[in-house]
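Below is one structure; the comments refer to it alone.
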Amino acid sequence: AGRLYCKVLPVRVVSVEAEEGGKLFVTGQGEAGANVRLYLNDTFIAPGVAGPDGKITFSIQRGVMAGDYRVRLEEVGGGGGAGSTRAEV
């Protein structure tokens, strides 16, 4: 019997942009329909779902203070457990 292999594309951070007034915009790429979580400095910020083209966008409109941050995207498995892939910048 043959085996079927599925290639899982890792989630990746495409861009991070900060604006005055505490705005933050993060874009990423992953598997179409993937559940992805945004973290800043290991703090969960928001959930999202990748579109049919695998693109995902997070738009934080206020509250992000000036400073240095680690931005992480984590793809979450269907059961809501630990991430199957992650990317951090």
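As shown in the structure tokens, the chain order sets the letters A, B, ...; within each chain, residues go from 1, and ligands are also counted from 1 in the order they appear.
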Handout entry: Test item: residues at most 8 Å from segment 50-57 of chain A, only C-alpha atoms, excluding those fewer than 4 positions along its chain, as a VMD selection string
Key = chain A and resid 25 to 36
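Shell of segment 38-46 of chain A at 7 Å, with only C-alpha atoms counted and residues fewer than 4 places along the chain excluded, is Tyr69, Arg70, Val71, Arg72, Leu73 and Glu74 of chain A.
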How about saving the chosen residues, all heavy atoms kept, as a PDB file, in the first residue's frame?
```pdb
ATOM      1  N   TYR A  69       9.645  44.796  20.604  1.00  0.00           N
ATOM      2  CA  TYR A  69       8.764  43.649  20.801  1.00  0.00           C
ATOM      3  C   TYR A  69       9.244  42.465  19.982  1.00  0.00           C
ATOM      4  O   TYR A  69       9.773  42.644  18.888  1.00  0.00           O
ATOM      5  CB  TYR A  69       7.333  43.974  20.347  1.00  0.00           C
ATOM      6  CG  TYR A  69       6.615  44.968  21.213  1.00  0.00           C
ATOM      7  CD1 TYR A  69       6.650  46.331  20.927  1.00  0.00           C
ATOM      8  CD2 TYR A  69       5.888  44.546  22.312  1.00  0.00           C
ATOM      9  CE1 TYR A  69       5.978  47.251  21.719  1.00  0.00           C
ATOM     10  CE2 TYR A  69       5.212  45.454  23.104  1.00  0.00           C
ATOM     11  CZ  TYR A  69       5.264  46.803  22.803  1.00  0.00           C
ATOM     12  OH  TYR A  69       4.598  47.701  23.592  1.00  0.00           O
ATOM     13  N   ARG A  70       9.016  41.271  20.514  1.00  0.00           N
ATOM     14  CA  ARG A  70       9.141  40.047  19.731  1.00  0.00           C
ATOM     15  C   ARG A  70       7.735  39.759  19.209  1.00  0.00           C
ATOM     16  O   ARG A  70       6.792  39.641  19.988  1.00  0.00           O
ATOM     17  CB  ARG A  70       9.643  38.890  20.590  1.00  0.00           C
ATOM     18  CG  ARG A  70      11.101  39.028  20.979  1.00  0.00           C
ATOM     19  CD  ARG A  70      11.642  37.804  21.726  1.00  0.00           C
ATOM     20  NE  ARG A  70      10.701  37.145  22.616  1.00  0.00           N
ATOM     21  CZ  ARG A  70      10.446  37.513  23.881  1.00  0.00           C
ATOM     22  NH1 ARG A  70      11.062  38.557  24.398  1.00  0.00           N
ATOM     23  NH2 ARG A  70       9.592  36.844  24.615  1.00  0.00           N
ATOM     24  N   VAL A  71       7.609  39.650  17.903  1.00  0.00           N
ATOM     25  CA  VAL A  71       6.322  39.380  17.267  1.00  0.00           C
ATOM     26  C   VAL A  71       6.338  37.929  16.818  1.00  0.00           C
ATOM     27  O   VAL A  71       7.232  37.498  16.079  1.00  0.00           O
ATOM     28  CB  VAL A  71       6.093  40.318  16.058  1.00  0.00           C
ATOM     29  CG1 VAL A  71       4.794  39.980  15.353  1.00  0.00           C
ATOM     30  CG2 VAL A  71       6.106  41.775  16.506  1.00  0.00           C
ATOM     31  N   ARG A  72       5.331  37.159  17.264  1.00  0.00           N
ATOM     32  CA  ARG A  72       5.282  35.735  16.926  1.00  0.00           C
ATOM     33  C   ARG A  72       3.923  35.382  16.356  1.00  0.00           C
ATOM     34  O   ARG A  72       2.893  35.808  16.884  1.00  0.00           O
ATOM     35  CB  ARG A  72       5.556  34.887  18.174  1.00  0.00           C
ATOM     36  CG  ARG A  72       5.609  33.399  17.864  1.00  0.00           C
ATOM     37  CD  ARG A  72       6.046  32.599  19.068  1.00  0.00           C
ATOM     38  NE  ARG A  72       4.894  32.252  19.900  1.00  0.00           N
ATOM     39  CZ  ARG A  72       4.861  32.341  21.216  1.00  0.00           C
ATOM     40  NH1 ARG A  72       5.895  32.799  21.891  1.00  0.00           N
ATOM     41  NH2 ARG A  72       3.795  31.994  21.886  1.00  0.00           N
ATOM     42  N   LEU A  73       3.938  34.596  15.295  1.00  0.00           N
ATOM     43  CA  LEU A  73       2.729  33.971  14.771  1.00  0.00           C
ATOM     44  C   LEU A  73       2.850  32.486  15.033  1.00  0.00           C
ATOM     45  O   LEU A  73       3.901  31.889  14.787  1.00  0.00           O
ATOM     46  CB  LEU A  73       2.587  34.218  13.261  1.00  0.00           C
ATOM     47  CG  LEU A  73       2.398  35.658  12.829  1.00  0.00           C
ATOM     48  CD1 LEU A  73       2.259  35.734  11.310  1.00  0.00           C
ATOM     49  CD2 LEU A  73       1.188  36.284  13.509  1.00  0.00           C
ATOM     50  N   GLU A  74       1.775  31.899  15.533  1.00  0.00           N
ATOM     51  CA  GLU A  74       1.777  30.480  15.861  1.00  0.00           C
ATOM     52  C   GLU A  74       0.537  29.840  15.265  1.00  0.00           C
ATOM     53  O   GLU A  74      -0.583  30.260  15.558  1.00  0.00           O
ATOM     54  CB  GLU A  74       1.795  30.313  17.379  1.00  0.00           C
ATOM     55  CG  GLU A  74       1.992  28.902  17.832  1.00  0.00           C
ATOM     56  CD  GLU A  74       2.242  28.847  19.326  1.00  0.00           C
ATOM     57  OE1 GLU A  74       3.323  29.270  19.775  1.00  0.00           O
ATOM     58  OE2 GLU A  74       1.329  28.384  20.025  1.00  0.00           O
TER      59      GLU A  74
END
```
Problem - Secondary structure check, strand (DSSP E or B) residues of chain A, as an MDAnalysis selection string - result: chainID A and resid 12:19 23:29 35:40 43:49 55:60 71:76 83:88
Handout entry: atom CA of Arg12 of chain A to atom CA of Arg86 of chain A, straight-line distance in Å
Key = 7.1 Å
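Restricting the calculation to only C-alpha atoms, the smallest distance between Val11 of chain A and any of A:Ala66, A:Glu75, A:Arg37, A:Val89 is found for A:Glu75.
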